[in-house]
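What's in coords-v1.cif: mmCIF, C-alpha atoms and all ligand atoms
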data_upload
loop_
_atom_site.label_atom_id
_atom_site.label_comp_id
_atom_site.auth_asym_id
_atom_site.auth_seq_id
_atom_site.Cartn_x
_atom_site.Cartn_y
_atom_site.Cartn_z
CA MET A 18 16.64 -63.88 -25.76
CA ALA A 19 16.62 -66.49 -23.03
CA GLN A 20 13.21 -67.21 -21.60
CA ASP A 21 12.62 -68.97 -18.34
CA PHE A 22 9.13 -70.03 -19.27
CA ILE A 23 7.39 -72.02 -21.97
CA TYR A 24 4.65 -69.98 -23.54
CA LEU A 25 1.53 -71.90 -24.51
CA ASP A 26 -0.96 -69.07 -24.27
CA TYR A 27 -1.11 -67.79 -27.85
CA ALA A 28 -4.90 -67.54 -27.71
CA ALA A 29 -4.48 -64.84 -25.03
CA SER A 30 -1.88 -62.93 -27.03
CA THR A 31 0.96 -63.49 -29.47
CA PRO A 32 4.43 -61.95 -29.56
CA VAL A 33 4.95 -59.18 -32.11
CA ASP A 34 6.71 -60.46 -35.23
CA PRO A 35 10.16 -58.77 -35.37
CA ARG A 36 9.41 -57.42 -38.86
CA VAL A 37 6.25 -55.84 -37.50
CA ALA A 38 8.18 -54.30 -34.60
CA GLU A 39 10.69 -52.82 -37.03
CA CYS A 40 7.96 -51.47 -39.28
CA MET A 41 6.29 -49.77 -36.33
CA ARG A 42 9.60 -48.24 -35.24
CA ASP A 43 10.19 -46.79 -38.71
CA CYS A 44 6.67 -45.52 -38.75
CA ARG A 45 7.10 -43.73 -35.42
CA GLU A 46 10.22 -42.01 -36.70
CA SER A 47 8.84 -40.75 -40.00
CA GLY A 48 5.08 -40.95 -39.63
CA TYR A 49 4.44 -39.33 -36.26
CA ALA A 50 2.32 -36.53 -37.70
CA ASN A 51 -1.41 -36.57 -37.21
CA PRO A 52 -2.78 -38.39 -40.24
CA SER A 53 -5.64 -35.91 -40.38
CA SER A 54 -3.25 -32.99 -40.92
CA ASN A 55 -3.14 -31.38 -44.35
CA HIS A 56 0.61 -31.09 -44.71
CA ILE A 57 3.37 -33.26 -46.12
CA ALA A 58 4.09 -34.94 -42.79
CA GLY A 59 0.41 -35.75 -42.32
CA ARG A 60 0.39 -37.28 -45.77
CA VAL A 61 3.21 -39.63 -44.76
CA SER A 62 1.11 -40.91 -41.85
CA ARG A 63 -1.91 -41.20 -44.10
CA ALA A 64 0.05 -43.19 -46.65
CA ASN A 65 1.11 -45.67 -43.94
CA ILE A 66 -2.52 -46.14 -42.94
CA GLU A 67 -3.68 -46.54 -46.52
CA ARG A 68 -1.07 -49.20 -47.17
CA ALA A 69 -2.14 -51.09 -44.06
CA ALA A 70 -5.77 -50.94 -45.13
CA GLU A 71 -4.79 -52.51 -48.44
CA GLN A 72 -2.80 -55.24 -46.69
CA LEU A 73 -5.67 -56.13 -44.37
CA ALA A 74 -8.18 -55.84 -47.21
CA ALA A 75 -6.11 -58.33 -49.23
CA LEU A 76 -6.15 -60.83 -46.36
CA LEU A 77 -9.95 -60.64 -46.10
CA ASN A 78 -10.65 -60.03 -49.81
CA VAL A 79 -12.58 -56.80 -49.21
CA ASP A 80 -12.50 -53.19 -50.35
CA PRO A 81 -10.20 -51.20 -47.99
CA ALA A 82 -12.99 -48.62 -47.60
CA THR A 83 -15.05 -51.21 -45.65
CA LEU A 84 -12.50 -51.34 -42.80
CA ILE A 85 -12.84 -49.17 -39.68
CA TRP A 86 -9.86 -49.03 -37.29
CA THR A 87 -10.58 -49.58 -33.62
CA SER A 88 -8.57 -50.25 -30.47
CA GLY A 89 -9.08 -54.03 -30.74
CA ALA A 90 -11.70 -56.74 -30.92
CA THR A 91 -13.41 -55.56 -27.72
CA GLU A 92 -14.18 -52.22 -29.29
CA SER A 93 -15.03 -53.77 -32.66
CA ASP A 94 -17.51 -56.11 -30.98
CA ASN A 95 -19.05 -53.22 -29.04
CA LEU A 96 -19.30 -50.99 -32.10
CA GLY A 97 -20.48 -53.73 -34.43
CA ILE A 98 -23.16 -55.12 -32.15
CA ALA A 99 -24.46 -52.07 -30.27
CA GLY A 100 -24.00 -49.88 -33.35
CA ALA A 101 -25.90 -52.16 -35.70
CA ALA A 102 -28.62 -53.00 -33.15
CA ARG A 103 -29.28 -49.29 -32.63
CA PHE A 104 -29.13 -48.51 -36.34
CA ARG A 105 -31.80 -51.13 -37.06
CA SER A 106 -33.87 -50.68 -33.89
CA HIS A 107 -36.70 -48.90 -35.71
CA ARG A 108 -37.29 -52.15 -37.63
CA GLY A 109 -37.21 -54.52 -34.65
CA LYS A 110 -35.48 -55.20 -31.37
CA HIS A 111 -34.80 -58.92 -31.40
CA LEU A 112 -31.18 -60.12 -31.40
CA VAL A 113 -29.59 -63.58 -31.37
CA THR A 114 -26.25 -64.76 -29.99
CA LEU A 115 -24.49 -67.73 -28.41
CA LEU A 116 -23.88 -68.40 -24.72
CA THR A 117 -20.24 -69.26 -25.43
CA GLU A 118 -19.28 -65.93 -27.03
CA HIS A 119 -16.43 -63.82 -25.64
CA LYS A 120 -17.40 -61.38 -22.88
CA ALA A 121 -16.82 -58.51 -25.32
CA VAL A 122 -19.90 -59.85 -27.11
CA THR A 123 -22.06 -61.23 -24.28
CA ASP A 124 -21.73 -58.11 -22.14
CA VAL A 125 -22.79 -55.87 -25.02
CA PHE A 126 -25.94 -57.96 -25.44
CA ARG A 127 -26.60 -57.77 -21.68
CA MET A 128 -26.31 -53.98 -21.90
CA LEU A 129 -28.69 -53.94 -24.88
CA GLU A 130 -31.17 -56.08 -22.93
CA LYS A 131 -31.26 -53.37 -20.28
CA GLN A 132 -31.95 -50.84 -23.03
CA GLY A 133 -35.07 -52.60 -24.26
CA PHE A 134 -33.71 -55.11 -26.78
CA GLU A 135 -34.70 -58.75 -26.55
CA VAL A 136 -31.91 -61.32 -26.87
CA THR A 137 -32.18 -65.04 -27.60
CA TRP A 138 -29.20 -66.85 -26.04
CA LEU A 139 -28.47 -70.03 -27.96
CA LYS A 140 -26.90 -73.01 -26.27
CA PRO A 141 -24.39 -74.94 -28.38
CA GLU A 142 -24.22 -78.72 -28.64
CA ASP A 143 -22.08 -80.56 -26.08
CA ASP A 144 -19.03 -80.26 -28.35
CA GLY A 145 -19.46 -76.49 -28.55
CA ARG A 146 -20.86 -76.32 -32.06
CA LEU A 147 -24.03 -74.50 -32.96
CA ASP A 148 -26.45 -76.45 -35.13
CA PRO A 149 -27.42 -74.09 -37.99
CA ALA A 150 -30.97 -75.49 -37.86
CA ALA A 151 -31.23 -74.47 -34.19
CA PHE A 152 -29.99 -71.04 -35.20
CA ALA A 153 -32.59 -70.74 -37.96
CA ALA A 154 -35.32 -71.73 -35.52
CA ALA A 155 -34.41 -68.83 -33.23
CA LEU A 156 -34.98 -66.17 -35.88
CA ARG A 157 -38.19 -64.14 -35.82
CA LYS A 158 -39.80 -61.48 -37.99
CA ASP A 159 -38.36 -58.76 -35.79
CA THR A 160 -34.82 -60.21 -35.58
CA GLN A 161 -32.34 -57.60 -36.78
CA LEU A 162 -28.90 -58.85 -35.77
CA ALA A 163 -27.12 -62.08 -34.88
CA SER A 164 -23.58 -62.45 -33.56
CA ILE A 165 -21.76 -65.79 -33.70
CA MET A 166 -18.01 -66.15 -33.25
CA TYR A 167 -15.72 -67.85 -35.75
CA VAL A 168 -13.20 -69.67 -33.51
CA ASN A 169 -13.96 -69.94 -29.81
CA ASN A 170 -11.14 -68.53 -27.70
CA GLU A 171 -11.44 -71.10 -24.91
CA MET A 172 -11.91 -74.34 -26.84
CA GLY A 173 -11.01 -73.62 -30.46
CA VAL A 174 -14.49 -74.73 -31.56
CA MET A 175 -15.25 -73.46 -35.06
CA GLN A 176 -18.75 -72.47 -36.09
CA ASP A 177 -20.24 -72.98 -39.54
CA ILE A 178 -20.12 -69.29 -40.45
CA GLU A 179 -21.09 -69.95 -44.05
CA ALA A 180 -24.29 -71.83 -43.16
CA ILE A 181 -25.29 -69.42 -40.39
CA GLY A 182 -24.56 -66.40 -42.58
CA SER A 183 -26.67 -67.80 -45.41
CA ILE A 184 -29.60 -68.20 -43.03
CA CYS A 185 -29.13 -64.58 -41.96
CA ARG A 186 -29.19 -63.41 -45.57
CA GLU A 187 -32.41 -65.34 -46.25
CA HIS A 188 -34.06 -63.62 -43.30
CA ASP A 189 -32.55 -60.15 -43.83
CA VAL A 190 -30.77 -60.36 -40.47
CA LEU A 191 -27.41 -58.59 -40.10
CA PHE A 192 -24.65 -61.03 -39.20
CA HIS A 193 -21.74 -60.04 -36.95
CA VAL A 194 -18.78 -62.39 -36.47
CA ASP A 195 -16.14 -62.08 -33.76
CA ALA A 196 -13.16 -63.40 -35.72
CA ALA A 197 -10.45 -62.38 -33.24
CA GLN A 198 -9.14 -65.97 -33.06
CA ALA A 199 -9.57 -66.66 -36.77
CA VAL A 200 -8.12 -63.76 -38.75
CA GLY A 201 -4.65 -64.56 -40.03
CA LYS A 202 -5.10 -68.21 -39.01
CA VAL A 203 -7.94 -69.58 -41.08
CA PRO A 204 -8.72 -68.49 -44.64
CA ILE A 205 -11.46 -65.84 -44.66
CA ASP A 206 -12.85 -64.60 -47.98
CA LEU A 207 -15.49 -61.99 -47.27
CA GLN A 208 -16.55 -61.84 -50.92
CA ALA A 209 -17.67 -65.45 -50.55
CA LEU A 210 -18.74 -65.55 -46.88
CA PRO A 211 -22.15 -64.06 -46.05
CA VAL A 212 -20.89 -61.87 -43.19
CA ASP A 213 -21.91 -58.24 -42.64
CA LEU A 214 -19.75 -57.19 -39.70
CA LEU A 215 -16.48 -58.78 -38.60
CA SER A 216 -14.24 -57.99 -35.62
CA LEU A 217 -10.52 -58.60 -35.46
CA THR A 218 -7.51 -57.61 -33.37
CA ALA A 219 -3.82 -57.44 -34.31
CA HIS A 220 -2.33 -58.96 -31.16
CA LYS A 221 -3.85 -62.37 -31.85
CA PHE A 222 -1.89 -62.66 -35.12
CA TYR A 223 1.58 -61.39 -34.22
CA GLY A 224 0.72 -57.69 -34.42
CA PRO A 225 0.65 -55.06 -31.66
CA LYS A 226 -1.89 -54.75 -28.86
CA GLY A 227 -4.33 -51.86 -28.90
CA ILE A 228 -5.29 -51.94 -32.57
CA GLY A 229 -8.03 -53.80 -34.39
CA ALA A 230 -10.63 -53.33 -37.04
CA LEU A 231 -14.31 -53.72 -37.77
CA TYR A 232 -15.33 -54.73 -41.27
CA ILE A 233 -18.66 -53.24 -42.30
CA ALA A 234 -20.05 -54.71 -45.51
CA ASP A 235 -21.01 -52.25 -48.19
CA ARG A 236 -24.62 -53.45 -48.42
CA PRO A 237 -27.95 -51.69 -48.05
CA GLY A 238 -29.17 -51.78 -44.45
CA CYS A 239 -25.71 -52.62 -43.11
CA HIS A 240 -24.50 -49.73 -41.02
CA VAL A 241 -23.60 -48.93 -37.41
CA GLU A 242 -24.35 -45.96 -35.23
CA PRO A 243 -21.17 -44.67 -33.58
CA ILE A 244 -20.49 -45.34 -29.92
CA LEU A 245 -17.71 -42.71 -29.73
CA PHE A 246 -18.00 -39.06 -30.73
CA GLY A 247 -15.32 -36.55 -31.62
CA GLY A 248 -13.23 -35.25 -34.48
CA GLY A 249 -15.10 -36.84 -37.33
CA GLN A 250 -12.41 -39.28 -38.47
CA GLN A 251 -13.40 -42.48 -40.28
CA GLN A 252 -16.71 -41.10 -41.61
CA ARG A 253 -17.67 -40.32 -37.99
CA ILE A 254 -18.22 -44.05 -37.45
CA ARG A 255 -15.19 -44.19 -35.17
CA PRO A 256 -13.57 -40.81 -34.54
CA GLY A 257 -10.23 -40.26 -32.82
CA THR A 258 -6.66 -39.70 -34.03
CA LEU A 259 -5.49 -42.82 -35.78
CA PRO A 260 -2.31 -44.50 -34.45
CA ALA A 261 -0.50 -44.83 -37.78
CA ASP A 262 2.32 -46.93 -36.30
CA LEU A 263 0.00 -49.53 -34.78
CA ILE A 264 -2.10 -49.64 -37.92
CA ALA A 265 1.02 -50.13 -40.06
CA GLY A 266 1.99 -53.00 -37.74
CA LEU A 267 -1.43 -54.60 -38.10
CA GLY A 268 -1.20 -54.26 -41.88
CA LEU A 269 2.19 -55.92 -42.07
CA ALA A 270 1.08 -58.68 -39.69
CA ALA A 271 -1.82 -59.37 -42.07
CA GLU A 272 0.50 -59.41 -45.07
CA ILE A 273 2.88 -61.82 -43.32
CA ALA A 274 0.02 -64.12 -42.29
CA GLN A 275 -1.64 -64.46 -45.68
CA PRO A 276 0.81 -66.71 -47.56
CA ARG A 277 1.50 -68.93 -44.55
CA ILE A 278 -2.00 -69.70 -43.27
CA ASP A 279 -1.83 -73.29 -44.56
CA THR A 280 1.67 -74.05 -43.29
CA ASP A 281 0.88 -72.47 -39.91
CA HIS A 282 -2.26 -74.61 -39.74
CA ASP A 283 -0.31 -77.82 -40.49
CA HIS A 284 2.30 -76.87 -37.90
CA LEU A 285 -0.38 -76.37 -35.24
CA LYS A 286 -2.11 -79.60 -36.17
CA ASN A 287 1.10 -81.55 -35.68
CA LEU A 288 1.70 -79.85 -32.32
CA ARG A 289 -1.81 -80.48 -31.05
CA ARG A 290 -1.60 -84.14 -32.10
CA ARG A 291 1.62 -84.56 -30.13
CA LEU A 292 0.28 -82.72 -27.13
CA TRP A 293 -2.90 -84.80 -27.04
CA ALA A 294 -0.94 -88.02 -27.60
CA GLY A 295 1.02 -87.16 -24.46
CA ILE A 296 -1.99 -86.64 -22.21
CA GLN A 297 -4.87 -88.68 -23.58
CA GLY A 298 -3.79 -91.76 -21.59
CA ILE A 299 -4.45 -90.04 -18.26
CA GLU A 300 -7.43 -91.54 -16.50
CA GLY A 301 -10.47 -89.27 -16.52
CA VAL A 302 -9.07 -86.74 -19.00
CA LEU A 303 -11.37 -85.34 -21.69
CA VAL A 304 -11.33 -82.71 -24.42
CA ASN A 305 -13.55 -79.64 -24.15
CA GLY A 306 -14.71 -78.88 -27.66
CA ASN A 307 -14.19 -80.99 -30.74
CA ILE A 308 -10.72 -82.17 -31.64
CA GLU A 309 -11.60 -83.21 -35.21
CA SER A 310 -13.26 -80.00 -36.34
CA GLY A 311 -11.70 -77.47 -33.95
CA PHE A 312 -8.98 -74.93 -34.66
CA PRO A 313 -5.72 -76.83 -34.05
CA GLY A 314 -3.97 -74.00 -32.18
CA ILE A 315 -6.08 -74.68 -29.07
CA LEU A 316 -6.45 -77.78 -26.92
CA ASN A 317 -8.66 -77.48 -23.85
CA VAL A 318 -8.78 -80.43 -21.47
CA SER A 319 -10.51 -81.21 -18.21
CA VAL A 320 -9.55 -83.98 -15.84
CA GLU A 321 -11.52 -85.62 -13.07
CA ASP A 322 -10.69 -85.02 -9.39
CA VAL A 323 -8.15 -82.24 -9.94
CA GLU A 324 -8.61 -78.50 -9.52
CA GLY A 325 -7.52 -76.11 -12.29
CA GLU A 326 -5.85 -73.42 -10.20
CA SER A 327 -3.70 -76.03 -8.44
CA LEU A 328 -2.86 -77.55 -11.80
CA LEU A 329 -1.81 -74.15 -13.11
CA LEU A 330 0.58 -73.72 -10.16
CA GLU A 331 1.97 -77.24 -10.59
CA LEU A 332 2.53 -76.65 -14.30
CA GLU A 333 4.80 -73.64 -13.87
CA PRO A 334 6.91 -72.54 -15.79
CA ILE A 335 4.53 -73.60 -18.51
CA CYS A 336 2.21 -70.73 -19.33
CA VAL A 337 -1.29 -72.00 -20.01
CA ALA A 338 -4.73 -70.69 -19.13
CA THR A 339 -7.57 -71.88 -16.98
CA GLY A 340 -10.73 -71.03 -18.87
CA SER A 341 -9.78 -67.85 -20.68
CA ALA A 342 -7.28 -65.17 -19.72
CA CYS A 343 -10.09 -62.70 -19.31
CA ASN A 344 -11.90 -64.83 -16.75
CA SER A 345 -8.96 -66.36 -14.97
CA LYS A 346 -8.95 -63.73 -12.23
CA SER A 347 -12.21 -65.06 -10.95
CA GLN A 348 -12.40 -68.47 -9.35
CA GLU A 349 -15.70 -69.07 -11.13
CA PRO A 350 -15.74 -72.09 -13.41
CA SER A 351 -15.76 -71.02 -17.05
CA TYR A 352 -19.23 -69.91 -18.19
CA VAL A 353 -18.27 -71.25 -21.62
CA LEU A 354 -17.67 -74.78 -20.36
CA ARG A 355 -20.73 -74.61 -18.11
CA ALA A 356 -22.81 -73.79 -21.21
CA LEU A 357 -21.62 -77.09 -22.71
CA GLY A 358 -23.04 -78.94 -19.75
CA ARG A 359 -19.77 -79.57 -17.96
CA SER A 360 -20.10 -79.92 -14.20
CA ASP A 361 -18.60 -77.19 -12.02
CA LEU A 362 -15.83 -79.58 -11.00
CA LEU A 363 -14.87 -80.58 -14.51
CA ALA A 364 -15.12 -76.98 -15.75
CA GLN A 365 -12.88 -75.90 -12.87
CA SER A 366 -10.16 -78.34 -13.89
CA ALA A 367 -10.03 -77.08 -17.49
CA ILE A 368 -6.64 -76.08 -18.86
CA ARG A 369 -6.28 -74.35 -22.22
CA PHE A 370 -3.07 -75.02 -24.11
CA SER A 371 -2.72 -72.69 -27.08
CA MET A 372 0.12 -72.89 -29.54
CA GLY A 373 1.56 -70.54 -32.12
CA ARG A 374 4.13 -70.13 -34.86
CA PRO A 375 7.17 -70.26 -32.55
CA THR A 376 5.95 -73.34 -30.62
CA THR A 377 8.16 -76.42 -30.99
CA GLU A 378 7.48 -80.13 -30.70
CA HIS A 379 9.86 -80.19 -27.75
CA GLU A 380 7.77 -77.57 -25.94
CA VAL A 381 4.48 -79.43 -26.30
CA GLU A 382 6.07 -82.74 -25.35
CA LEU A 383 7.51 -81.13 -22.25
CA ALA A 384 4.13 -79.58 -21.48
CA ALA A 385 2.41 -82.96 -21.83
CA ARG A 386 4.92 -84.57 -19.47
CA ARG A 387 4.54 -81.80 -16.91
CA TYR A 388 0.77 -82.10 -17.17
CA ARG A 389 0.87 -85.88 -16.57
CA GLU A 390 3.17 -85.42 -13.60
CA ALA A 391 1.08 -82.58 -12.17
CA VAL A 392 -2.15 -84.57 -12.33
CA ALA A 393 -0.46 -87.58 -10.69
CA ARG A 394 1.04 -85.44 -7.93
CA LEU A 395 -2.22 -83.64 -7.15
CA ARG A 396 -4.06 -86.95 -7.01
CA ASP A 397 -1.43 -88.38 -4.68
CA LEU A 398 -1.76 -85.37 -2.41
CA ALA A 399 -5.54 -85.73 -2.38
CA THR A 400 -5.30 -89.44 -1.49
CA ALA A 401 -2.75 -88.73 1.26
CA ALA A 402 -5.00 -86.04 2.74
CA ALA A 403 -8.10 -88.22 2.67
CA PRO A 404 -9.07 -89.65 6.05
C1 LIG B 1 -8.95 -61.61 -27.61
C2 LIG B 1 -10.39 -61.65 -28.00
C3 LIG B 1 -11.20 -60.52 -27.91
C4 LIG B 1 -10.72 -59.22 -27.34
O1 LIG B 1 -9.73 -58.63 -28.14
P1 LIG B 1 -8.93 -57.35 -27.60
O2 LIG B 1 -8.11 -56.93 -28.76
O3 LIG B 1 -8.11 -57.82 -26.47
O4 LIG B 1 -9.92 -56.33 -27.24
C5 LIG B 1 -12.51 -60.64 -28.32
N1 LIG B 1 -12.99 -61.78 -28.79
C6 LIG B 1 -12.23 -62.90 -28.88
C7 LIG B 1 -12.83 -64.15 -29.42
C8 LIG B 1 -10.91 -62.86 -28.48
O5 LIG B 1 -10.18 -63.97 -28.56
#
Structure encoded using structure tokens:
Amino acid sequence: MAQDFIYLDYAASTPVDPRVAECMRDCRESGYANPSSNHIAGRVSRANIERAAEQLAALLNVDPATLIWTSGATESDNLGIAGAARFRSHRGKHLVTLLTEHKAVTDVFRMLEKQGFEVTWLKPEDDGRLDPAAFAAALRKDTQLASIMYVNNEMGVMQDIEAIGSICREHDVLFHVDAAQAVGKVPIDLQALPVDLLSLTAHKFYGPKGIGALYIADRPGCHVEPILFGGGQQQRIRPGTLPADLIAGLGLAAEIAQPRIDTDHDHLKNLRRRLWAGIQGIEGVLVNGNIESGFPGILNVSVEDVEGESLLLELEPICVATGSACNSKSQEPSYVLRALGRSDLLAQSAIRFSMGRPTTEHEVELAARRYREAVARLRDLATAAAP
């Protein structure tokens, strides 16, 4: 299929793997029955869902019974955070999170603040990373839940989930992780990682949009109150008719991802190195985040004296993001970059390049050249317009 654009926005969404698309088509043809129905056709749908649960469980090294299907990471974040905070509210109402979380996390905490919970908003270091010691210092006797993301969607910054989770365990604090950008891309072993609740979404790892999951550890004190009410599916934790075709697609996407995590990672590392090599010579350009420790599928750069929206227009037909896709409708500089101490101007110039499995060296080299040219042109225009 000919494309008249170069897609470098894989952190916003990924294309559906053709094998996943085929699996979902088959599933729609044979497994359209309601999986809750007690007849043969319903059993077919149920079997598709059970297989997907096993595929996802294998990727995360968990028991399939710990996985709750949702409509995506937004819902998983909402259910995991609000559900756990409410479940534990009789013990205490203090919660901890990071200023640079996705809106699907920060806005749940803002809602909980209005409902009488108290939230500590941690500020990361200038490179986006949270110092585990600073995290530990924020915990109190009445802290019940913390939520820290795995891979940041704007900058690719990776948090030390193991260290932060261990601190949570020591203090009997439930630990939620938004892993939407990590699942299927970095190895996650939930038998080894001290994580209680984990959110994921299929469309960030070559599965369909509109389906995700929340992992809920099978541990005492780890439970969520539902935020939706209805037909009693999924132990009443998340009722509603399950979309067997989407779930089967998520399952297959997980199965496809598992054996290739390392090769995908190497591929992305090579691409990011080439991309950065092509733009690091520009005067006044700097990386948002940490290029050594960050997830290699994302490179976020700011540049002095250039405005992001104009850059985005100049870069066409290269599809990149200013800030994050979710915030790009507003002209506000990214709240994530502002939290790192970037000035409004530098935050406003930020461009996020995000690469994926289909990305080629040619594409990133072309993107780097277009970026260099765009910055030069915008600077020329600004000089010409100056009095
Ligand atoms: C994409 C994303 C979400 C939202 O996922 P949806 O499936 O679109 O609801 C939440 N958190 C992070 C970190 C994301 O990257």
What is the distance between CA of Ala274 (chain A) and CA of Gln251 (chain A), in Å to one decimal?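 Spanning CA of Ala274 (chain A) to CA of Gln251 (chain A) is a straight-line distance of 25.5 Å.
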Residues within 8 Å of ligand LIG 1 (chain B) (only C-alpha atoms and all ligand atoms), as number ranges by chain? A: 28-30, 88-94, 118-122, 166-170, 195-198, 216-221, 226-229
Spatial neighbours of Ile85 (chain A), 7 Å, only C-alpha atoms, chain gap at least 6 places, as a PyMOL selection string: chain A and resi 230-232+251
Using C-alpha atoms, can you export the residues from the last selection as an mmCIF file, in the coordinates of the input?
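Written file, out.cif:
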data_model
loop_
_atom_site.group_PDB
_atom_site.id
_atom_site.type_symbol
_atom_site.label_atom_id
_atom_site.label_comp_id
_atom_site.auth_asym_id
_atom_site.auth_seq_id
_atom_site.Cartn_x
_atom_site.Cartn_y
_atom_site.Cartn_z
ATOM 1 C CA ALA A 230 -10.630 -53.330 -37.040
ATOM 2 C CA LEU A 231 -14.310 -53.720 -37.770
ATOM 3 C CA TYR A 232 -15.330 -54.730 -41.270
ATOM 4 C CA GLN A 251 -13.400 -42.480 -40.280
#
How many Å separate CA of Val61 (chain A) from CA of Leu263 (chain A)?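 We find that CA of Val61 (chain A) and CA of Leu263 (chain A) lie 14.4 Å from each other.
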Tell me, in Å to one decimal, how far CA of Leu115 (chain A) is from CA of Lys140 (chain A). 6.2 Å
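Of the listed residues (A:Arg108, A:His379, A:Arg396, A:Arg127), A:Arg108 comes nearest to Asp189 (chain A); the distances count all atoms listed in the file.
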If you count all atoms listed in the file, which residues fall within 8 Å of Gln161 (chain A), apart from same-chain ones fewer than 2 positions away, as a compact mmCIF listing (two decimals) with C-alpha atoms, in the frame of the given file?
# COMPACT_ATOMS: atom_id res chain seq x y z
CA ALA A 102 -28.62 -53.00 -33.15
CA ARG A 105 -31.80 -51.13 -37.06
CA SER A 106 -33.87 -50.68 -33.89
CA ARG A 108 -37.29 -52.15 -37.63
CA GLY A 109 -37.21 -54.52 -34.65
CA LYS A 110 -35.48 -55.20 -31.37
CA HIS A 111 -34.80 -58.92 -31.40
CA LEU A 112 -31.18 -60.12 -31.40
CA ASP A 159 -38.36 -58.76 -35.79
CA ALA A 163 -27.12 -62.08 -34.88
CA ASP A 189 -32.55 -60.15 -43.83
CA VAL A 190 -30.77 -60.36 -40.47
CA LEU A 191 -27.41 -58.59 -40.10
In terms of the shortest atom-to-atom distance over all atoms listed in the file, which of A:Ala367, A:Leu259, A:Ala270, A:Leu316 is closest to Gly59 (chain A)? A:Leu259
Quick one: residues within 7 Å of region 280-297 of chain A, all atoms listed in the file counted, chain neighbours fewer than 2 positions away excluded, as an MDAnalysis selection string? chainID A and resid 277:278 299 302 313:314 316 372:374 378 381:382 385:386 389
All residues 12 Å or closer to Ala64 (chain A), only C-alpha atoms, same chain fewer than 2 positions away omitted, as a list of chain:residue names: A:Cys44, A:Ser47, A:Gly48, A:Tyr49, A:Ala50, A:Asn51, A:Pro52, A:Ser53, A:Ile57, A:Ala58, A:Gly59, A:Arg60, A:Val61, A:Ser62, A:Ile66, A:Glu67, A:Arg68, A:Ala69, A:Ala70, A:Glu71, A:Ala261, A:Asp262, A:Ile264, A:Ala265
Option closest in space to Trp138 (chain A), from A:Gly248, A:Val113, A:Gln208, A:Phe126 [counting only C-alpha atoms]: A:Val113
Which is closest to Ala74 (chain A) among A:Ile368, A:Val200, A:Val212, A:Met41, if we use all atoms listed in the file? A:Val200
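When all atoms listed in the file are used to compute distances to Pro204 (chain A), the closest of the residues A:Val174, A:Leu329, A:Ala75, A:Leu245 turns out to be A:Ala75.
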